[in-house]
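Enquirer: Quick one: this structure, given as structure tokens, is what I'll be asking you about.
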Amino acid sequence: MSAPPTQPASHHPSAKPVLTEDELLRSDITPLIRSIAFGTRVICRCYTRIRIEGDADAIPRDGPVILAANHISNADAVFIGAFLTPRLGRRIHWLGKKEMFDWPVVGFIARTGGVVPVDRGAADVEAFRVARRILDAGNVLMVFPEGTRSPTGELQPPKDGLAMLALRTDATIVPIGISNTDRIWPKGRPIPFPGKHATMRIGVPFKVGELLPPELDRKAAKGLATTLIMRRIAALLDPRHRGTYGEDG
């Protein structure tokens, strides 16, 4: 996946210019972002009851922060953006496929809402560099460690990128456990089911480097860091979502 371009895209005749890197890496919440978050919360409450647990006020208000959550539904990103943005007082940055910037409505929201375009067909190392720039700028980055939605609702084996980012940037990690959104908006369904309940639990922020033995080599540190992060997410989930990272895993 490639880094976000700072010049107007020209590879596709219908592509619209993307924002400059300075604009992409802004940390403020614009009136438009606040309005989108508010409108989304209203819509969410029409469909479901979502319970927010944990101390959102404990999330750092400055410095690099990684929000790390399980991924079981398209509703996950919607809930996180809508309900955490006003609590944080900081823009949440996301990595999104560049094609979405050409979509009506969605492309406009992506351009103005903190989504950084990446090319899914290029090397993963480029997406890592984009994510690192976001954190090096002292911003908030939202990451789904599994990389895609779980087909079973249980935690799946994660990618290595999150642990590497956390270790190299010394970012604070905030584990988030989201339960039952797969029953609200299952994969393949165009719109959510009304009347369902979901829970978003916010864990205690931590720096993974402070929890690792100092004598570990890089490879061992990455593996252990990944396990620590996933277990902290699992601890926030309803039992049916924990998978191999539950207490008996």
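Residue numbering restarts at 1 for every chain of the structure tokens, chains are lettered A, B, ... in their displayed order, and ligands are numbered from 1 as they appear.
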Using only C-alpha atoms, which protein or nucleic acid residues come within 9 Å of Lys97 (chain A)? Drop anything in the same chain fewer than 2 positions from it, and give the result as a PDB file with N, CA and C atoms, in the first residue's frame.
Expert:
```
ATOM      1  N   MET A   1       0.847  -1.186   0.000  1.00  0.00           N
ATOM      2  CA  MET A   1       0.000   0.000   0.000  1.00  0.00           C
ATOM      3  C   MET A   1       0.884   1.237   0.000  1.00  0.00           C
ATOM      4  N   LEU A  95      -6.642   4.526   8.012  1.00  0.00           N
ATOM      5  CA  LEU A  95      -6.089   4.152   6.718  1.00  0.00           C
ATOM      6  C   LEU A  95      -7.224   3.548   5.899  1.00  0.00           C
ATOM      7  N   GLU A  99      -9.536   3.877  -3.393  1.00  0.00           N
ATOM      8  CA  GLU A  99     -10.693   3.873  -4.277  1.00  0.00           C
ATOM      9  C   GLU A  99     -11.908   4.562  -3.650  1.00  0.00           C
ATOM     10  N   MET A 100     -11.996   4.524  -2.327  1.00  0.00           N
ATOM     11  CA  MET A 100     -13.164   5.105  -1.683  1.00  0.00           C
ATOM     12  C   MET A 100     -13.219   6.622  -1.856  1.00  0.00           C
ATOM     13  N   PHE A 101     -12.093   7.246  -2.196  1.00  0.00           N
ATOM     14  CA  PHE A 101     -12.069   8.689  -2.387  1.00  0.00           C
ATOM     15  C   PHE A 101     -12.802   9.103  -3.665  1.00  0.00           C
ATOM     16  N   VAL A 116      -6.762   8.543   5.503  1.00  0.00           N
ATOM     17  CA  VAL A 116      -5.563   8.672   4.683  1.00  0.00           C
ATOM     18  C   VAL A 116      -5.594   7.582   3.615  1.00  0.00           C
ATOM     19  N   PRO A 117      -5.547   7.943   2.319  1.00  0.00           N
ATOM     20  CA  PRO A 117      -5.668   6.929   1.261  1.00  0.00           C
ATOM     21  C   PRO A 117      -4.421   6.085   1.117  1.00  0.00           C
ATOM     22  N   VAL A 118      -4.614   4.785   0.962  1.00  0.00           N
ATOM     23  CA  VAL A 118      -3.507   3.872   0.710  1.00  0.00           C
ATOM     24  C   VAL A 118      -3.887   2.972  -0.456  1.00  0.00           C
ATOM     25  N   ASP A 119      -2.896   2.460  -1.125  1.00  0.00           N
ATOM     26  CA  ASP A 119      -3.088   1.583  -2.272  1.00  0.00           C
ATOM     27  C   ASP A 119      -2.973   0.138  -1.806  1.00  0.00           C
ATOM     28  N   ARG A 120      -4.087  -0.584  -1.820  1.00  0.00           N
ATOM     29  CA  ARG A 120      -4.074  -1.965  -1.327  1.00  0.00           C
ATOM     30  C   ARG A 120      -3.245  -2.889  -2.209  1.00  0.00           C
TER      31      ARG A 120
END
```
Enquirer: Would you give me, as a ChimeraX atom specification, the residues in region 18-245 of chain A that DSSP reads as alpha helix (DSSP H)?
Expert: /A:21-24,31-47,75-88,106-112,124-136,161-169,181-184,218-234,239-242
Enquirer: Run DSSP on the backbone and tell me which residues of region 20-149 of chain A come out as strand (DSSP E or B); list them as a list of chain:residue names.
Expert: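 Going through region 20-149 of chain A, the strand (DSSP E or B) residues come out as A:Thr48, A:Arg49, A:Ile50, A:Arg51, A:Ile52, A:Glu53, A:Gly54, A:Val65, A:Ile66, A:Leu67, A:Ala68, A:Ala69, A:Ile92, A:His93, A:Trp94, A:Leu95, A:Gly96, A:Lys97, A:Val115, A:Val116, A:Pro117, A:Val118, A:Val140, A:Leu141, A:Met142, A:Val143.
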Enquirer: Leaving out Lys207 (chain A) and any residue of its chain fewer than 6 positions from it, which residues lie within 10 Å of it when counting only C-alpha atoms, given as a PDB file with N, CA and C atoms, in the first residue's frame?
Expert:
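Generated file (around_35.pdb):
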```pdb
ATOM      1  N   VAL A  65      -1.253   8.196  19.718  1.00  0.00           N
ATOM      2  CA  VAL A  65      -2.169   7.237  20.334  1.00  0.00           C
ATOM      3  C   VAL A  65      -2.660   6.280  19.255  1.00  0.00           C
ATOM      4  N   ILE A  66      -2.675   4.985  19.579  1.00  0.00           N
ATOM      5  CA  ILE A  66      -3.241   3.971  18.691  1.00  0.00           C
ATOM      6  C   ILE A  66      -4.488   3.406  19.348  1.00  0.00           C
ATOM      7  N   ALA A 166       3.738   0.239  17.454  1.00  0.00           N
ATOM      8  CA  ALA A 166       3.761   0.612  18.863  1.00  0.00           C
ATOM      9  C   ALA A 166       5.180   0.636  19.416  1.00  0.00           C
ATOM     10  N   LEU A 167       5.988  -0.341  19.027  1.00  0.00           N
ATOM     11  CA  LEU A 167       7.355  -0.420  19.537  1.00  0.00           C
ATOM     12  C   LEU A 167       8.250   0.672  18.952  1.00  0.00           C
ATOM     13  N   ASP A 170       6.611   4.370  20.188  1.00  0.00           N
ATOM     14  CA  ASP A 170       6.332   4.543  21.616  1.00  0.00           C
ATOM     15  C   ASP A 170       4.932   5.140  21.816  1.00  0.00           C
ATOM     16  N   ALA A 171       4.018   4.823  20.912  1.00  0.00           N
ATOM     17  CA  ALA A 171       2.652   5.335  21.022  1.00  0.00           C
ATOM     18  C   ALA A 171       1.901   4.643  22.149  1.00  0.00           C
ATOM     19  N   THR A 172       1.010   5.362  22.756  1.00  0.00           N
ATOM     20  CA  THR A 172       0.107   4.782  23.748  1.00  0.00           C
ATOM     21  C   THR A 172      -0.971   3.986  23.033  1.00  0.00           C
ATOM     22  N   ILE A 173      -1.211   2.769  23.489  1.00  0.00           N
ATOM     23  CA  ILE A 173      -2.242   1.921  22.896  1.00  0.00           C
ATOM     24  C   ILE A 173      -3.487   1.950  23.779  1.00  0.00           C
ATOM     25  N   VAL A 174      -4.623   2.127  23.158  1.00  0.00           N
ATOM     26  CA  VAL A 174      -5.905   2.067  23.857  1.00  0.00           C
ATOM     27  C   VAL A 174      -6.680   0.884  23.301  1.00  0.00           C
ATOM     28  N   ALA A 225       4.594  -8.630  22.054  1.00  0.00           N
ATOM     29  CA  ALA A 225       3.792  -7.407  22.036  1.00  0.00           C
ATOM     30  C   ALA A 225       2.445  -7.656  21.367  1.00  0.00           C
ATOM     31  N   ILE A 229      -1.227  -7.209  23.251  1.00  0.00           N
ATOM     32  CA  ILE A 229      -2.260  -6.312  22.729  1.00  0.00           C
ATOM     33  C   ILE A 229      -3.558  -7.081  22.504  1.00  0.00           C
TER      34      ILE A 229
END
```
Enquirer: At a cut-off of 12 Å, using only C-alpha atoms, what residues contact Leu212 (chain A)? Leave out same-chain residues fewer than 5 positions from it and give the result as a PyMOL selection string.
Expert: chain A and resi 163+167+206-207+217-218+220-229
Enquirer: What would the file look like if the residues just selected were written as a PDB file, in the first residue's frame with N, CA and C atoms?
Expert:
```
ATOM      1  N   ALA A 163       1.996  -4.139  16.418  1.00  0.00           N
ATOM      2  CA  ALA A 163       3.066  -4.265  17.407  1.00  0.00           C
ATOM      3  C   ALA A 163       4.312  -3.509  16.965  1.00  0.00           C
ATOM      4  N   LEU A 167       5.988  -0.341  19.027  1.00  0.00           N
ATOM      5  CA  LEU A 167       7.355  -0.420  19.537  1.00  0.00           C
ATOM      6  C   LEU A 167       8.250   0.672  18.952  1.00  0.00           C
ATOM      7  N   PHE A 206      -1.992   1.929  27.603  1.00  0.00           N
ATOM      8  CA  PHE A 206      -0.695   1.412  28.028  1.00  0.00           C
ATOM      9  C   PHE A 206       0.318   1.559  26.899  1.00  0.00           C
ATOM     10  N   LYS A 207       1.593   1.462  27.269  1.00  0.00           N
ATOM     11  CA  LYS A 207       2.680   1.431  26.291  1.00  0.00           C
ATOM     12  C   LYS A 207       3.291   0.039  26.333  1.00  0.00           C
ATOM     13  N   ASP A 217      14.995  -9.902  21.974  1.00  0.00           N
ATOM     14  CA  ASP A 217      15.402  -9.402  20.666  1.00  0.00           C
ATOM     15  C   ASP A 217      14.172  -8.885  19.925  1.00  0.00           C
ATOM     16  N   ARG A 218      14.388  -8.266  18.769  1.00  0.00           N
ATOM     17  CA  ARG A 218      13.297  -7.593  18.060  1.00  0.00           C
ATOM     18  C   ARG A 218      12.180  -8.558  17.686  1.00  0.00           C
ATOM     19  N   ALA A 220      11.332 -11.513  19.005  1.00  0.00           N
ATOM     20  CA  ALA A 220      10.596 -11.982  20.176  1.00  0.00           C
ATOM     21  C   ALA A 220       9.738 -10.876  20.763  1.00  0.00           C
ATOM     22  N   ALA A 221      10.267  -9.657  20.754  1.00  0.00           N
ATOM     23  CA  ALA A 221       9.515  -8.523  21.295  1.00  0.00           C
ATOM     24  C   ALA A 221       8.249  -8.279  20.481  1.00  0.00           C
ATOM     25  N   LYS A 222       8.360  -8.392  19.159  1.00  0.00           N
ATOM     26  CA  LYS A 222       7.197  -8.174  18.297  1.00  0.00           C
ATOM     27  C   LYS A 222       6.127  -9.218  18.562  1.00  0.00           C
ATOM     28  N   GLY A 223       6.526 -10.478  18.691  1.00  0.00           N
ATOM     29  CA  GLY A 223       5.560 -11.540  18.937  1.00  0.00           C
ATOM     30  C   GLY A 223       4.861 -11.403  20.272  1.00  0.00           C
ATOM     31  N   LEU A 224       5.636 -11.093  21.309  1.00  0.00           N
ATOM     32  CA  LEU A 224       5.050 -10.949  22.637  1.00  0.00           C
ATOM     33  C   LEU A 224       4.169  -9.709  22.704  1.00  0.00           C
ATOM     34  N   ALA A 225       4.594  -8.630  22.054  1.00  0.00           N
ATOM     35  CA  ALA A 225       3.792  -7.407  22.036  1.00  0.00           C
ATOM     36  C   ALA A 225       2.445  -7.656  21.367  1.00  0.00           C
ATOM     37  N   THR A 226       2.461  -8.406  20.268  1.00  0.00           N
ATOM     38  CA  THR A 226       1.214  -8.725  19.577  1.00  0.00           C
ATOM     39  C   THR A 226       0.272  -9.495  20.488  1.00  0.00           C
ATOM     40  N   THR A 227       0.803 -10.486  21.199  1.00  0.00           N
ATOM     41  CA  THR A 227      -0.020 -11.288  22.109  1.00  0.00           C
ATOM     42  C   THR A 227      -0.588 -10.428  23.233  1.00  0.00           C
ATOM     43  N   LEU A 228       0.231  -9.552  23.798  1.00  0.00           N
ATOM     44  CA  LEU A 228      -0.231  -8.680  24.890  1.00  0.00           C
ATOM     45  C   LEU A 228      -1.379  -7.791  24.428  1.00  0.00           C
ATOM     46  N   ILE A 229      -1.227  -7.209  23.251  1.00  0.00           N
ATOM     47  CA  ILE A 229      -2.260  -6.312  22.729  1.00  0.00           C
ATOM     48  C   ILE A 229      -3.558  -7.081  22.504  1.00  0.00           C
TER      49      ILE A 229
END
```
Enquirer: State, in Å with one decimal place, the distance from CA of Lys187 (chain A) to CA of Ser150 (chain A).
Expert: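 Between CA of Lys187 (chain A) and CA of Ser150 (chain A) the gap is 9.4 Å.
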Enquirer: Hey, which of A:Ala77, A:Ala68, A:Ile191, A:Met230 ends up closest to Val143 (chain A)? Count only C-alpha atoms.
Expert: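 Answer, going by the shortest atom-to-atom distance: A:Ala68.
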Enquirer: Rank A:Ile109, A:Val140, A:Val115, A:Leu155 by their smallest atom-to-atom distance to Arg91 (chain A), using only C-alpha atoms, and report the top residue only.
Expert: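 For Arg91 (chain A), the nearest of the candidates is A:Val140.
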